[in-house]
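Asker: Just dropping this structure here.
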Amino acid sequence: MPRSASSNLGYTPPDGGWGWAVVFGSFISIGFSYAFPKSLTIYFKEIQEYFSISYSEIAWVSSIMLATMYAGGPVSSILVNRYGSRPVVIAGGLMVGVAMVMASFGTTILHLYLCVGVIGGFGLAFNLQPSLTIISKYFLVKRPIANGLAMAGSPVFLSTLAPLNQFLFDHFGWRGSFLILGGVLLNCCMAGSLMRPIKIKTKLPPRKATDEDDTGKLDVTSQRAGQDESKQSGCAAKLSQFIDVSLFKHRGYLIYLVGNVLMFFGFFAPVVFLAPYAKHQGIDEYSAAFLLSIFALVDMFARPGTGLVANTRWIRPKIQYFFSFAVIYNGLCHIMCPLLPGYSGLVVYAVFFGLAFGMVCALLFEVLMDLVGAQRFSSAVGLATIIECGPVLLGPPISGLLVDIFMDYKYMYFACGMMMLLGGIFLFIMNYYNYRWLEKEGKQRKVDELEIGSAKELAANEEDKDNEEEIKRSTAEEAADSTCKEP
């Protein structure tokens with residue numbers, strides 16, 4: 001894909017030092033952002049009985065929270081571009097903490113939708129995007145490793161919050177638990193305080209007089225043209241001040257978006273329905289829940305491991321292919337799941353699925369950084385999350401509808417596997433052509449640069465000749481004048 005963003009940053013990232021403290025802060029923020037909405041399901045049964053509502057109504061609490069977290073991506077990106085990551089993450093931690101405290105005093109389910117779903121979802125959005133963006137400021141060479149370690153926060157926090165929530169529920173009920181969780185979530189503010197803005201030391205290249213004069217003339221012309229364009233498209237210009245909408249003209253970014261939309265229709269449903277599928281086969285509740293523990297444990301080690309592999313000199317230059325393989329591998333796991341017999345088959349599936357899920361999560365934002373570079377990453381992830389919000393919200397309900405229609409989970413797993421296979425194959429094929437197009441464009445760019453250089457050299461030679469002829473002419477005229485003046 002396009003060159004890594006080192007040349008676009010204007011400085012050399014430290015690839016270490018305080019960057020590891022930033023990775024730890026991102027580990028906490030990303031862990032809460034992805035794991036917290038899933039861990040709330042422990043309280044759903046009691047809340048459902050307390051408000052006398054259906055399961056579908058209580059299920060919307062997590063769905064709204066996740067959808068708001070993704071939909072809030074552009075707002076978070078605008079704030080990060082304007083104020084930086086640290087204040088946005090601290091504000092997000094305050095929002096989600098206050099939202100849970102307010103929810104503990106809720107009297108209707110709509111109160112929970114607003115507090116936990118909307119306000120809490122926006123708070124998590126303000127934690128997710130800045131945490132991903134700040135890593136690209138501190139790391140370049142070791143960026144895949146840093147991203148893998150930060151993304152490992154999701155399975156670690158999921159495996160930690162699940163027993164914590166069960167303990168709080170047993171001792172304090174859902175209201176007391178929400179109040180305590182509001183205080184726990186304030187740790188996001190501590191994580192945000194670690195995200196210190198990087199000190200940039202730039203080295204300006206030496207200026208060349210001839211090139212500067214030529215480019216100066218071109219800049220004046222381009223500025224005038226830009227002013228005319230801004231008058232014609234005022235709204236687009238104002239929007240571009242906050243978020244880089246020109247990304248929708250980026251070929252690699254559009255390929256990434258289409259592939260991800262296809263993938264996310266089948267990405268979360270297999271995790272959501274893993275335990276119910278096991279119970280449907282007659283497996284006891286404890287053993288069914290243990291499948292999720294196996295999945296989370298493998299996922300926990302798969303993410304940093306994938307970062308190490310992605311950082312090797314064989315994988316890093318073509319990392320888009322590695323991501324395509326991870327998506328295809330996920331799809332194959334889901335298709336094979338219904339074909340594996342008994343509980344031992346589900347254990348094997350949980351292991352391979354945990355590895356596949358961890359690979360995709362570790363690479364999901366790393367390949368986006370590879371595509372657009374660090375400077376445009378904040379806008380890119382904001383636009384991507386709001387587009388991915390649709391399949392994230394609709395994927396599990398559609399999968400549940402398949403279970404209701406066929407009264408069997410295997411067709412849901414087949415459908416999710418096919419959607420991920422389709423997305424992975426699309427990414428692989430389009431990335432292959434994109435690599436070829438980029439290679440051709442690079443060669444053409446070099447040819448154009450050589451032609452421009454030759455044209456400049458020819459023009460300079462002609463100018464020198466003209467100057468020499470003019471000097472000779474002026475010398476001859478002076479000699480003639482002096483001859484005429486002699487008596």
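Each chain in the structure tokens gets a letter, A, B and so on, in the order shown; residues start at 1 in every chain, and ligands are counted from 1 in the order they appear.
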Write out as a PyMOL selection string which residues come within 7 Å of stretch 326-343 of chain A when counting only C-alpha atoms, dropping same-chain ones fewer than 3 positions away.
Answerer: chain A and resi 322-323+346-347+349+352-353+356-357+359-360+410+413-414+416-418+420-421+424-425
Asker: Write out as a list in words each polymer residue whose atoms come within 7 Å of stretch 159-167 of chain A, counting only C-alpha atoms; drop sequence neighbours fewer than 4 positions from it.
Answerer: Ser39, Ile42, Pro155, His171, Ser293 and Ala296 of chain A
Asker: Please identify every residue of stretch 266-362 of chain A that has at least one atom no farther than 12 Å from an atom of stretch 433-438 of chain A, counting only C-alpha atoms, and for each give the shortest atom pair and the distance in Å to one decimal, arranged by chain then increasing number, as a tab-separated table.
Answerer:
```
residue	atom	partner	partner_atom	distance
A:Pro317	CA	A:Tyr435	CA	10.5
A:Lys318	CA	A:Tyr435	CA	8.7
A:Ile319	CA	A:Tyr435	CA	11.2
A:Gln320	CA	A:Tyr435	CA	9.5
A:Tyr321	CA	A:Tyr435	CA	10.2
```
Asker: Please report the interatomic distance between atom CA of A:Arg445 and atom CA of A:Tyr253 in Å with one decimal.
Answerer: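 According to the coordinates, atom CA of A:Arg445 and atom CA of A:Tyr253 are separated by 20.9 Å.
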Asker: Within stretch 101-326 of chain A, find each residue whose DSSP state, derived from the backbone, is alpha helix (DSSP H), and express the selection as JSON, numbers by chain.
Answerer: {"A": [101, 102, 103, 109, 110, 111, 112, 120, 121, 122, 123, 124, 125, 126, 127, 128, 129, 130, 131, 132, 133, 134, 135, 136, 137, 138, 143, 144, 145, 146, 147, 148, 149, 150, 151, 153, 154, 155, 156, 157, 158, 159, 160, 161, 162, 163, 164, 165, 166, 167, 168, 169, 170, 171, 172, 173, 174, 175, 176, 177, 178, 179, 180, 181, 182, 183, 184, 187, 188, 189, 190, 191, 192, 193, 209, 210, 211, 212, 213, 214, 215, 216, 217, 218, 219, 220, 221, 222, 223, 224, 225, 226, 227, 228, 229, 230, 231, 232, 234, 235, 236, 237, 238, 239, 240, 251, 252, 253, 254, 255, 256, 257, 258, 259, 260, 261, 262, 263, 264, 269, 270, 271, 272, 274, 275, 276, 277, 278, 279, 280, 285, 286, 287, 288, 289, 290, 291, 292, 293, 294, 295, 296, 297, 298, 299, 300, 301, 302, 303, 304, 305, 306, 307, 308, 309, 310, 319, 320, 321, 322, 323, 324, 325, 326]}
Asker: Which residue gives the smallest distance to A:Arg196 among A:Ala152, A:Ile134, A:Val261, A:Ile294, with only C-alpha atoms counted?
Answerer: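 Among A:Ala152, A:Ile134, A:Val261, A:Ile294, it is A:Ile134 that comes nearest to A:Arg196.
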Asker: Find the residue from A:Val447, A:Leu132, A:Met65, A:Leu254 that sits nearest to A:Met195; use only C-alpha atoms when measuring.
Answerer: A:Leu132
Asker: Using only C-alpha atoms, which residue out of A:Phe122, A:Phe51, A:Tyr70, A:Phe157 lies closest to A:Ile387?
Answerer: A:Tyr70
Asker: Using only C-alpha atoms, which of the listed residues (A:Tyr83, A:Phe295, A:Tyr138, A:Phe105) sits closest to A:Gly19?
Answerer: A:Tyr138
Asker: In terms of the shortest atom-to-atom distance over only C-alpha atoms, which of A:Gly423, A:Gly25, A:Gly345, A:Gly282 is closest to A:Ser193?
Answerer: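 Among A:Gly423, A:Gly25, A:Gly345, A:Gly282, it is A:Gly25 that comes nearest to A:Ser193.
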Asker: Please measure the separation of atom CA of A:Ser324 and atom CA of A:Tyr34, giving the value in Å to one decimal.
Answerer: 22.2 Å
Asker: For the atom pair atom CA of A:Ile78 and atom CA of A:Leu124, what is the interatomic distance in Å to one decimal place?
Answerer: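 A separation of 15.3 Å between them.
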